[in-house]
file target_37.cif (mmCIF, N, CA, C and O atoms)
data_model
loop_
_atom_site.group_PDB
_atom_site.id
_atom_site.type_symbol
_atom_site.label_atom_id
_atom_site.label_comp_id
_atom_site.auth_asym_id
_atom_site.auth_seq_id
_atom_site.Cartn_x
_atom_site.Cartn_y
_atom_site.Cartn_z
ATOM 1 N N MET A 1 -10.050 -0.612 16.961
ATOM 2 C CA MET A 1 -8.821 -1.267 16.566
ATOM 3 C C MET A 1 -7.727 -0.196 16.477
ATOM 4 O O MET A 1 -7.960 0.886 15.971
ATOM 5 N N LYS A 2 -6.569 -0.518 16.979
ATOM 6 C CA LYS A 2 -5.450 0.429 16.987
ATOM 7 C C LYS A 2 -4.505 0.122 15.815
ATOM 8 O O LYS A 2 -4.385 -1.024 15.400
ATOM 9 N N PRO A 3 -3.830 1.154 15.295
ATOM 10 C CA PRO A 3 -2.909 0.940 14.171
ATOM 11 C C PRO A 3 -1.778 -0.048 14.463
ATOM 12 O O PRO A 3 -1.255 -0.676 13.549
ATOM 13 N N ASP A 4 -1.410 -0.211 15.738
ATOM 14 C CA ASP A 4 -0.322 -1.132 16.075
ATOM 15 C C ASP A 4 -0.844 -2.500 16.553
ATOM 16 O O ASP A 4 -0.077 -3.315 17.061
ATOM 17 N N ASP A 5 -2.131 -2.760 16.353
ATOM 18 C CA ASP A 5 -2.734 -4.034 16.755
ATOM 19 C C ASP A 5 -2.088 -5.182 15.970
ATOM 20 O O ASP A 5 -2.054 -5.145 14.737
ATOM 21 N N PRO A 6 -1.559 -6.196 16.639
ATOM 22 C CA PRO A 6 -0.911 -7.312 15.936
ATOM 23 C C PRO A 6 -1.862 -8.073 15.014
ATOM 24 O O PRO A 6 -1.424 -8.703 14.058
ATOM 25 N N LEU A 7 -3.160 -7.980 15.273
ATOM 26 C CA LEU A 7 -4.137 -8.637 14.423
ATOM 27 C C LEU A 7 -4.078 -8.113 12.982
ATOM 28 O O LEU A 7 -4.319 -8.861 12.027
ATOM 29 N N LEU A 8 -3.721 -6.835 12.822
ATOM 30 C CA LEU A 8 -3.653 -6.248 11.486
ATOM 31 C C LEU A 8 -2.639 -6.958 10.586
ATOM 32 O O LEU A 8 -2.795 -6.977 9.366
ATOM 33 N N LYS A 9 -1.614 -7.539 11.182
ATOM 34 C CA LYS A 9 -0.585 -8.217 10.385
ATOM 35 C C LYS A 9 -1.067 -9.533 9.792
ATOM 36 O O LYS A 9 -0.509 -10.007 8.820
ATOM 37 N N ILE A 10 -2.114 -10.115 10.383
ATOM 38 C CA ILE A 10 -2.580 -11.403 9.874
ATOM 39 C C ILE A 10 -3.914 -11.313 9.123
ATOM 40 O O ILE A 10 -4.302 -12.261 8.457
ATOM 41 N N LEU A 11 -4.607 -10.180 9.225
ATOM 42 C CA LEU A 11 -5.860 -10.026 8.486
ATOM 43 C C LEU A 11 -5.566 -9.859 7.005
ATOM 44 O O LEU A 11 -4.605 -9.196 6.619
ATOM 45 N N ALA A 12 -6.405 -10.461 6.168
ATOM 46 C CA ALA A 12 -6.205 -10.385 4.720
ATOM 47 C C ALA A 12 -7.551 -10.186 4.034
ATOM 48 O O ALA A 12 -8.602 -10.560 4.557
ATOM 49 N N CYS A 13 -7.495 -9.620 2.859
ATOM 50 C CA CYS A 13 -8.692 -9.435 2.046
ATOM 51 C C CYS A 13 -9.239 -10.812 1.664
ATOM 52 O O CYS A 13 -8.481 -11.689 1.242
ATOM 53 N N PRO A 14 -10.539 -11.023 1.787
ATOM 54 C CA PRO A 14 -11.102 -12.331 1.445
ATOM 55 C C PRO A 14 -11.075 -12.619 -0.059
ATOM 56 O O PRO A 14 -11.215 -13.769 -0.463
ATOM 57 N N LEU A 15 -10.871 -11.594 -0.873
ATOM 58 C CA LEU A 15 -10.884 -11.804 -2.321
ATOM 59 C C LEU A 15 -9.498 -12.076 -2.897
ATOM 60 O O LEU A 15 -9.315 -13.025 -3.651
ATOM 61 N N ASP A 16 -8.512 -11.232 -2.564
ATOM 62 C CA ASP A 16 -7.172 -11.447 -3.145
ATOM 63 C C ASP A 16 -6.132 -11.917 -2.127
ATOM 64 O O ASP A 16 -4.982 -12.110 -2.455
ATOM 65 N N LYS A 17 -6.559 -12.088 -0.892
ATOM 66 C CA LYS A 17 -5.709 -12.602 0.198
ATOM 67 C C LYS A 17 -4.522 -11.696 0.535
ATOM 68 O O LYS A 17 -3.606 -12.092 1.220
ATOM 69 N N GLY A 18 -4.539 -10.457 0.054
ATOM 70 C CA GLY A 18 -3.474 -9.503 0.337
ATOM 71 C C GLY A 18 -3.733 -8.716 1.606
ATOM 72 O O GLY A 18 -4.824 -8.791 2.202
ATOM 73 N N PRO A 19 -2.742 -7.927 2.039
ATOM 74 C CA PRO A 19 -2.878 -7.154 3.275
ATOM 75 C C PRO A 19 -3.925 -6.048 3.168
ATOM 76 O O PRO A 19 -4.231 -5.565 2.071
ATOM 77 N N LEU A 20 -4.445 -5.679 4.318
ATOM 78 C CA LEU A 20 -5.427 -4.604 4.422
ATOM 79 C C LEU A 20 -4.845 -3.461 5.237
ATOM 80 O O LEU A 20 -3.982 -3.677 6.084
ATOM 81 N N HIS A 21 -5.331 -2.258 4.995
ATOM 82 C CA HIS A 21 -4.869 -1.076 5.712
ATOM 83 C C HIS A 21 -6.003 -0.553 6.588
ATOM 84 O O HIS A 21 -7.146 -0.471 6.137
ATOM 85 N N LEU A 22 -5.665 -0.195 7.816
ATOM 86 C CA LEU A 22 -6.651 0.338 8.739
ATOM 87 C C LEU A 22 -6.958 1.789 8.393
ATOM 88 O O LEU A 22 -6.054 2.610 8.222
ATOM 89 N N LEU A 23 -8.240 2.088 8.270
ATOM 90 C CA LEU A 23 -8.706 3.467 8.111
ATOM 91 C C LEU A 23 -9.339 3.852 9.437
ATOM 92 O O LEU A 23 -10.388 3.319 9.807
ATOM 93 N N VAL A 24 -8.688 4.739 10.167
ATOM 94 C CA VAL A 24 -9.195 5.134 11.481
ATOM 95 C C VAL A 24 -10.426 6.005 11.323
ATOM 96 O O VAL A 24 -10.633 6.638 10.291
ATOM 97 N N GLU A 25 -11.239 6.027 12.363
ATOM 98 C CA GLU A 25 -12.457 6.834 12.367
ATOM 99 C C GLU A 25 -12.089 8.293 12.169
ATOM 100 O O GLU A 25 -11.199 8.821 12.839
ATOM 101 N N GLU A 26 -12.760 8.941 11.215
ATOM 102 C CA GLU A 26 -12.402 10.325 10.890
ATOM 103 C C GLU A 26 -13.557 10.998 10.169
ATOM 104 O O GLU A 26 -14.170 10.407 9.276
ATOM 105 N N ALA A 27 -13.837 12.219 10.536
ATOM 106 C CA ALA A 27 -14.833 13.063 9.865
ATOM 107 C C ALA A 27 -16.157 12.332 9.624
ATOM 108 O O ALA A 27 -16.680 12.323 8.522
ATOM 109 N N GLY A 28 -16.655 11.683 10.660
ATOM 110 C CA GLY A 28 -17.939 11.015 10.534
ATOM 111 C C GLY A 28 -17.888 9.659 9.855
ATOM 112 O O GLY A 28 -18.901 9.003 9.723
ATOM 113 N N ARG A 29 -16.734 9.240 9.391
ATOM 114 C CA ARG A 29 -16.598 7.933 8.751
ATOM 115 C C ARG A 29 -16.233 6.891 9.798
ATOM 116 O O ARG A 29 -15.402 7.130 10.658
ATOM 117 N N GLU A 30 -16.846 5.742 9.683
ATOM 118 C CA GLU A 30 -16.573 4.638 10.597
ATOM 119 C C GLU A 30 -15.185 4.057 10.331
ATOM 120 O O GLU A 30 -14.643 4.188 9.233
ATOM 121 N N GLU A 31 -14.655 3.397 11.318
ATOM 122 C CA GLU A 31 -13.401 2.678 11.171
ATOM 123 C C GLU A 31 -13.607 1.539 10.158
ATOM 124 O O GLU A 31 -14.666 0.925 10.108
ATOM 125 N N ALA A 32 -12.582 1.277 9.333
ATOM 126 C CA ALA A 32 -12.706 0.250 8.302
ATOM 127 C C ALA A 32 -11.330 -0.283 7.921
ATOM 128 O O ALA A 32 -10.300 0.285 8.298
ATOM 129 N N LEU A 33 -11.336 -1.382 7.186
ATOM 130 C CA LEU A 33 -10.123 -1.931 6.593
ATOM 131 C C LEU A 33 -10.237 -1.728 5.094
ATOM 132 O O LEU A 33 -11.316 -1.876 4.511
ATOM 133 N N TYR A 34 -9.100 -1.391 4.458
ATOM 134 C CA TYR A 34 -9.134 -1.026 3.038
ATOM 135 C C TYR A 34 -8.126 -1.827 2.233
ATOM 136 O O TYR A 34 -6.982 -2.004 2.648
ATOM 137 N N ASN A 35 -8.572 -2.294 1.076
ATOM 138 C CA ASN A 35 -7.709 -2.967 0.120
ATOM 139 C C ASN A 35 -7.547 -2.037 -1.078
ATOM 140 O O ASN A 35 -8.452 -1.933 -1.907
ATOM 141 N N PRO A 36 -6.397 -1.345 -1.190
ATOM 142 C CA PRO A 36 -6.218 -0.406 -2.290
ATOM 143 C C PRO A 36 -6.063 -1.092 -3.649
ATOM 144 O O PRO A 36 -6.330 -0.488 -4.682
ATOM 145 N N ARG A 37 -5.678 -2.347 -3.664
ATOM 146 C CA ARG A 37 -5.498 -3.053 -4.934
ATOM 147 C C ARG A 37 -6.829 -3.279 -5.645
ATOM 148 O O ARG A 37 -6.920 -3.184 -6.859
ATOM 149 N N LEU A 38 -7.871 -3.578 -4.868
ATOM 150 C CA LEU A 38 -9.198 -3.829 -5.426
ATOM 151 C C LEU A 38 -10.168 -2.680 -5.185
ATOM 152 O O LEU A 38 -11.327 -2.756 -5.603
ATOM 153 N N GLN A 39 -9.707 -1.648 -4.482
ATOM 154 C CA GLN A 39 -10.534 -0.497 -4.119
ATOM 155 C C GLN A 39 -11.775 -0.945 -3.341
ATOM 156 O O GLN A 39 -12.888 -0.520 -3.616
ATOM 157 N N ARG A 40 -11.560 -1.797 -2.336
ATOM 158 C CA ARG A 40 -12.673 -2.296 -1.518
ATOM 159 C C ARG A 40 -12.441 -1.962 -0.048
ATOM 160 O O ARG A 40 -11.337 -2.097 0.457
ATOM 161 N N ARG A 41 -13.525 -1.537 0.595
ATOM 162 C CA ARG A 41 -13.493 -1.177 2.016
ATOM 163 C C ARG A 41 -14.372 -2.172 2.769
ATOM 164 O O ARG A 41 -15.479 -2.492 2.343
ATOM 165 N N TYR A 42 -13.843 -2.643 3.917
ATOM 166 C CA TYR A 42 -14.561 -3.581 4.776
ATOM 167 C C TYR A 42 -14.810 -2.905 6.121
ATOM 168 O O TYR A 42 -13.870 -2.427 6.754
ATOM 169 N N PRO A 43 -16.057 -2.870 6.574
ATOM 170 C CA PRO A 43 -16.372 -2.179 7.836
ATOM 171 C C PRO A 43 -15.850 -2.933 9.059
ATOM 172 O O PRO A 43 -15.636 -4.142 9.021
ATOM 173 N N ILE A 44 -15.664 -2.176 10.121
ATOM 174 C CA ILE A 44 -15.354 -2.739 11.436
ATOM 175 C C ILE A 44 -16.532 -2.361 12.323
ATOM 176 O O ILE A 44 -16.786 -1.179 12.553
ATOM 177 N N THR A 45 -17.269 -3.364 12.778
ATOM 178 C CA THR A 45 -18.470 -3.139 13.570
ATOM 179 C C THR A 45 -18.231 -3.619 14.992
ATOM 180 O O THR A 45 -17.917 -4.792 15.201
ATOM 181 N N ASP A 46 -18.367 -2.715 15.954
ATOM 182 C CA ASP A 46 -18.135 -3.041 17.371
ATOM 183 C C ASP A 46 -16.773 -3.697 17.570
ATOM 184 O O ASP A 46 -16.627 -4.650 18.337
ATOM 185 N N GLY A 47 -15.770 -3.209 16.837
ATOM 186 C CA GLY A 47 -14.406 -3.714 16.971
ATOM 187 C C GLY A 47 -14.131 -4.999 16.218
ATOM 188 O O GLY A 47 -13.026 -5.537 16.293
ATOM 189 N N ILE A 48 -15.109 -5.510 15.466
ATOM 190 C CA ILE A 48 -14.948 -6.771 14.743
ATOM 191 C C ILE A 48 -14.917 -6.501 13.237
ATOM 192 O O ILE A 48 -15.902 -6.009 12.674
ATOM 193 N N PRO A 49 -13.797 -6.828 12.568
ATOM 194 C CA PRO A 49 -13.733 -6.644 11.115
ATOM 195 C C PRO A 49 -14.732 -7.561 10.406
ATOM 196 O O PRO A 49 -14.820 -8.748 10.713
ATOM 197 N N GLN A 50 -15.470 -7.000 9.478
ATOM 198 C CA GLN A 50 -16.449 -7.749 8.683
ATOM 199 C C GLN A 50 -15.778 -8.113 7.352
ATOM 200 O O GLN A 50 -15.775 -7.321 6.424
ATOM 201 N N LEU A 51 -15.206 -9.298 7.289
ATOM 202 C CA LEU A 51 -14.374 -9.659 6.146
ATOM 203 C C LEU A 51 -15.008 -10.684 5.210
ATOM 204 O O LEU A 51 -14.296 -11.398 4.508
ATOM 205 N N LEU A 52 -16.301 -10.751 5.164
ATOM 206 C CA LEU A 52 -16.957 -11.560 4.144
ATOM 207 C C LEU A 52 -16.913 -10.784 2.832
ATOM 208 O O LEU A 52 -17.032 -9.549 2.834
ATOM 209 N N PRO A 53 -16.733 -11.461 1.695
ATOM 210 C CA PRO A 53 -16.719 -10.734 0.425
ATOM 211 C C PRO A 53 -17.945 -9.840 0.234
ATOM 212 O O PRO A 53 -17.841 -8.730 -0.282
ATOM 213 N N SER A 54 -19.102 -10.304 0.693
ATOM 214 C CA SER A 54 -20.323 -9.516 0.533
ATOM 215 C C SER A 54 -20.368 -8.296 1.456
ATOM 216 O O SER A 54 -21.166 -7.383 1.238
ATOM 217 N N SER A 55 -19.514 -8.254 2.479
ATOM 218 C CA SER A 55 -19.476 -7.116 3.405
ATOM 219 C C SER A 55 -18.693 -5.939 2.837
ATOM 220 O O SER A 55 -18.874 -4.805 3.272
ATOM 221 N N GLY A 56 -17.808 -6.223 1.902
ATOM 222 C CA GLY A 56 -16.986 -5.160 1.324
ATOM 223 C C GLY A 56 -17.778 -4.304 0.361
ATOM 224 O O GLY A 56 -18.760 -4.750 -0.229
ATOM 225 N N GLU A 57 -17.332 -3.060 0.238
ATOM 226 C CA GLU A 57 -17.979 -2.170 -0.730
ATOM 227 C C GLU A 57 -16.921 -1.581 -1.651
ATOM 228 O O GLU A 57 -15.803 -1.281 -1.223
ATOM 229 N N GLN A 58 -17.285 -1.442 -2.902
ATOM 230 C CA GLN A 58 -16.387 -0.854 -3.894
ATOM 231 C C GLN A 58 -16.302 0.646 -3.639
ATOM 232 O O GLN A 58 -17.307 1.300 -3.379
ATOM 233 N N VAL A 59 -15.093 1.184 -3.718
ATOM 234 C CA VAL A 59 -14.866 2.604 -3.471
ATOM 235 C C VAL A 59 -14.669 3.303 -4.819
ATOM 236 O O VAL A 59 -13.893 2.825 -5.652
ATOM 237 N N PRO A 60 -15.369 4.419 -5.063
ATOM 238 C CA PRO A 60 -15.184 5.147 -6.316
ATOM 239 C C PRO A 60 -13.766 5.713 -6.445
ATOM 240 O O PRO A 60 -13.066 5.902 -5.446
ATOM 241 N N ASP A 61 -13.350 5.977 -7.669
ATOM 242 C CA ASP A 61 -11.977 6.425 -7.950
ATOM 243 C C ASP A 61 -11.573 7.668 -7.158
ATOM 244 O O ASP A 61 -10.464 7.733 -6.641
ATOM 245 N N ASP A 62 -12.458 8.672 -7.070
ATOM 246 C CA ASP A 62 -12.088 9.895 -6.352
ATOM 247 C C ASP A 62 -11.864 9.627 -4.860
ATOM 248 O O ASP A 62 -10.928 10.150 -4.259
ATOM 249 N N GLU A 63 -12.689 8.793 -4.269
ATOM 250 C CA GLU A 63 -12.509 8.450 -2.857
ATOM 251 C C GLU A 63 -11.256 7.586 -2.671
ATOM 252 O O GLU A 63 -10.546 7.709 -1.684
ATOM 253 N N HIS A 64 -10.979 6.718 -3.639
ATOM 254 C CA HIS A 64 -9.773 5.884 -3.600
ATOM 255 C C HIS A 64 -8.525 6.768 -3.513
ATOM 256 O O HIS A 64 -7.631 6.510 -2.708
ATOM 257 N N GLU A 65 -8.466 7.815 -4.321
ATOM 258 C CA GLU A 65 -7.321 8.730 -4.296
ATOM 259 C C GLU A 65 -7.183 9.397 -2.934
ATOM 260 O O GLU A 65 -6.073 9.546 -2.411
ATOM 261 N N GLU A 66 -8.298 9.781 -2.348
ATOM 262 C CA GLU A 66 -8.266 10.398 -1.006
ATOM 263 C C GLU A 66 -7.750 9.395 0.029
ATOM 264 O O GLU A 66 -6.951 9.727 0.890
ATOM 265 N N LEU A 67 -8.216 8.158 -0.056
ATOM 266 C CA LEU A 67 -7.780 7.126 0.895
ATOM 267 C C LEU A 67 -6.284 6.834 0.747
ATOM 268 O O LEU A 67 -5.594 6.624 1.739
ATOM 269 N N LEU A 68 -5.789 6.835 -0.482
ATOM 270 C CA LEU A 68 -4.349 6.628 -0.688
ATOM 271 C C LEU A 68 -3.538 7.730 -0.035
ATOM 272 O O LEU A 68 -2.501 7.479 0.570
ATOM 273 N N ARG A 69 -4.011 8.963 -0.109
ATOM 274 C CA ARG A 69 -3.314 10.087 0.545
ATOM 275 C C ARG A 69 -3.336 9.916 2.061
ATOM 276 O O ARG A 69 -2.354 10.190 2.730
ATOM 277 N N ARG A 70 -4.468 9.452 2.604
ATOM 278 C CA ARG A 70 -4.562 9.244 4.056
ATOM 279 C C ARG A 70 -3.638 8.127 4.522
ATOM 280 O O ARG A 70 -3.133 8.154 5.645
ATOM 281 N N MET A 71 -3.407 7.136 3.674
ATOM 282 C CA MET A 71 -2.571 5.998 4.054
ATOM 283 C C MET A 71 -1.086 6.296 3.917
ATOM 284 O O MET A 71 -0.266 5.613 4.512
ATOM 285 N N ALA A 72 -0.728 7.316 3.140
ATOM 286 C CA ALA A 72 0.690 7.635 2.918
ATOM 287 C C ALA A 72 1.349 8.010 4.235
ATOM 288 O O ALA A 72 0.756 8.678 5.077
ATOM 289 N N PRO A 73 2.616 7.570 4.430
ATOM 290 C CA PRO A 73 3.319 7.858 5.692
ATOM 291 C C PRO A 73 3.641 9.319 5.874
ATOM 292 O O PRO A 73 3.735 10.105 5.066
#

call {"tool": "encode", "arguments": {"input": "target_37.cif", "output": "structure tokens"}}
result
Amino acid sequence: MKPDDPLLKILACPLDKGPLHLLVEEAGREEALYNPRLQRRYPITDGIPQLLPSSGEQVPDDEHEELLRRMAP
């Protein structure tokens, strides 16, 4: 998935229905979508976002801070 993919504008978190941020593949980490409000990461498998509530994983506070820095413009 590319950062300018129009699909990103319509994808929403299944829990709070808010926008998600693309986390590009980096340092051995898979591509994922991230909800900073709930600190939840949803995997992208074979280019398909896994947006079931059970697919998301809670991100610890220290990793959340790192992800916020990566998302900053």

call {"tool": "resolve_selection", "arguments": {"input": "target_37.cif", "expression": "the PyMOL selection byres (((chain A and resi 53 and name CA) around 12) and name CA)", "output": "PyMOL selection string"}}
result
chain A and resi 12-17+35+38+40-43+49-52+54-58

call {"tool": "residues_around", "arguments": {"input": "target_37.cif", "residues": "Leu22 of chain A", "least_positions_apart": "5", "cutoff": "7 Å", "atoms": "all atoms listed in the file", "output": "list in words"}}
result
Pro3, Glu31, Ala32, Leu33, Tyr34, Arg70 and Met71 of chain A

call {"tool": "closest_residue", "arguments": {"input": "target_37.cif", "among": "A:Asp4, A:Gln39, A:Leu11, A:Glu26", "to": "Pro60 of chain A", "atoms": "all atoms listed in the file"}}
result
A:Gln39

call {"tool": "atom_distance", "arguments": {"input": "target_37.cif", "atom1": "atom CA of Glu30 of chain A", "atom2": "atom CA of Glu63 of chain A"}}
result
14.6 Å

call {"tool": "select_by_dssp", "arguments": {"input": "target_37.cif", "residues": "segment 8-65 of chain A", "states": "strand (DSSP E or B)", "output": "mmCIF file with N, CA, C and O atoms, in the frame of the given file"}}
result
data_model
loop_
_atom_site.group_PDB
_atom_site.id
_atom_site.type_symbol
_atom_site.label_atom_id
_atom_site.label_comp_id
_atom_site.auth_asym_id
_atom_site.auth_seq_id
_atom_site.Cartn_x
_atom_site.Cartn_y
_atom_site.Cartn_z
ATOM 1 N N ALA A 12 -6.405 -10.461 6.168
ATOM 2 C CA ALA A 12 -6.205 -10.385 4.720
ATOM 3 C C ALA A 12 -7.551 -10.186 4.034
ATOM 4 O O ALA A 12 -8.602 -10.560 4.557
ATOM 5 N N PRO A 19 -2.742 -7.927 2.039
ATOM 6 C CA PRO A 19 -2.878 -7.154 3.275
ATOM 7 C C PRO A 19 -3.925 -6.048 3.168
ATOM 8 O O PRO A 19 -4.231 -5.565 2.071
ATOM 9 N N HIS A 21 -5.331 -2.258 4.995
ATOM 10 C CA HIS A 21 -4.869 -1.076 5.712
ATOM 11 C C HIS A 21 -6.003 -0.553 6.588
ATOM 12 O O HIS A 21 -7.146 -0.471 6.137
ATOM 13 N N LEU A 22 -5.665 -0.195 7.816
ATOM 14 C CA LEU A 22 -6.651 0.338 8.739
ATOM 15 C C LEU A 22 -6.958 1.789 8.393
ATOM 16 O O LEU A 22 -6.054 2.610 8.222
ATOM 17 N N LEU A 23 -8.240 2.088 8.270
ATOM 18 C CA LEU A 23 -8.706 3.467 8.111
ATOM 19 C C LEU A 23 -9.339 3.852 9.437
ATOM 20 O O LEU A 23 -10.388 3.319 9.807
ATOM 21 N N GLU A 26 -12.760 8.941 11.215
ATOM 22 C CA GLU A 26 -12.402 10.325 10.890
ATOM 23 C C GLU A 26 -13.557 10.998 10.169
ATOM 24 O O GLU A 26 -14.170 10.407 9.276
ATOM 25 N N ARG A 29 -16.734 9.240 9.391
ATOM 26 C CA ARG A 29 -16.598 7.933 8.751
ATOM 27 C C ARG A 29 -16.233 6.891 9.798
ATOM 28 O O ARG A 29 -15.402 7.130 10.658
ATOM 29 N N ALA A 32 -12.582 1.277 9.333
ATOM 30 C CA ALA A 32 -12.706 0.250 8.302
ATOM 31 C C ALA A 32 -11.330 -0.283 7.921
ATOM 32 O O ALA A 32 -10.300 0.285 8.298
ATOM 33 N N LEU A 33 -11.336 -1.382 7.186
ATOM 34 C CA LEU A 33 -10.123 -1.931 6.593
ATOM 35 C C LEU A 33 -10.237 -1.728 5.094
ATOM 36 O O LEU A 33 -11.316 -1.876 4.511
ATOM 37 N N TYR A 34 -9.100 -1.391 4.458
ATOM 38 C CA TYR A 34 -9.134 -1.026 3.038
ATOM 39 C C TYR A 34 -8.126 -1.827 2.233
ATOM 40 O O TYR A 34 -6.982 -2.004 2.648
ATOM 41 N N ASN A 35 -8.572 -2.294 1.076
ATOM 42 C CA ASN A 35 -7.709 -2.967 0.120
ATOM 43 C C ASN A 35 -7.547 -2.037 -1.078
ATOM 44 O O ASN A 35 -8.452 -1.933 -1.907
ATOM 45 N N ARG A 40 -11.560 -1.797 -2.336
ATOM 46 C CA ARG A 40 -12.673 -2.296 -1.518
ATOM 47 C C ARG A 40 -12.441 -1.962 -0.048
ATOM 48 O O ARG A 40 -11.337 -2.097 0.457
ATOM 49 N N ARG A 41 -13.525 -1.537 0.595
ATOM 50 C CA ARG A 41 -13.493 -1.177 2.016
ATOM 51 C C ARG A 41 -14.372 -2.172 2.769
ATOM 52 O O ARG A 41 -15.479 -2.492 2.343
ATOM 53 N N TYR A 42 -13.843 -2.643 3.917
ATOM 54 C CA TYR A 42 -14.561 -3.581 4.776
ATOM 55 C C TYR A 42 -14.810 -2.905 6.121
ATOM 56 O O TYR A 42 -13.870 -2.427 6.754
ATOM 57 N N PRO A 43 -16.057 -2.870 6.574
ATOM 58 C CA PRO A 43 -16.372 -2.179 7.836
ATOM 59 C C PRO A 43 -15.850 -2.933 9.059
ATOM 60 O O PRO A 43 -15.636 -4.142 9.021
ATOM 61 N N ILE A 44 -15.664 -2.176 10.121
ATOM 62 C CA ILE A 44 -15.354 -2.739 11.436
ATOM 63 C C ILE A 44 -16.532 -2.361 12.323
ATOM 64 O O ILE A 44 -16.786 -1.179 12.553
ATOM 65 N N THR A 45 -17.269 -3.364 12.778
ATOM 66 C CA THR A 45 -18.470 -3.139 13.570
ATOM 67 C C THR A 45 -18.231 -3.619 14.992
ATOM 68 O O THR A 45 -17.917 -4.792 15.201
ATOM 69 N N ILE A 48 -15.109 -5.510 15.466
ATOM 70 C CA ILE A 48 -14.948 -6.771 14.743
ATOM 71 C C ILE A 48 -14.917 -6.501 13.237
ATOM 72 O O ILE A 48 -15.902 -6.009 12.674
ATOM 73 N N PRO A 49 -13.797 -6.828 12.568
ATOM 74 C CA PRO A 49 -13.733 -6.644 11.115
ATOM 75 C C PRO A 49 -14.732 -7.561 10.406
ATOM 76 O O PRO A 49 -14.820 -8.748 10.713
ATOM 77 N N GLU A 57 -17.332 -3.060 0.238
ATOM 78 C CA GLU A 57 -17.979 -2.170 -0.730
ATOM 79 C C GLU A 57 -16.921 -1.581 -1.651
ATOM 80 O O GLU A 57 -15.803 -1.281 -1.223
ATOM 81 N N GLN A 58 -17.285 -1.442 -2.902
ATOM 82 C CA GLN A 58 -16.387 -0.854 -3.894
ATOM 83 C C GLN A 58 -16.302 0.646 -3.639
ATOM 84 O O GLN A 58 -17.307 1.300 -3.379
#

call {"tool": "atom_distance", "arguments": {"input": "target_37.cif", "atom1": "atom CA of Val59 of chain A", "atom2": "atom O of Val24 of chain A"}}
result
15.0 Å

call {"tool": "atom_distance", "arguments": {"input": "target_37.cif", "atom1": "atom O of Pro19 of chain A", "atom2": "atom N of Pro36 of chain A"}}
result
5.8 Å
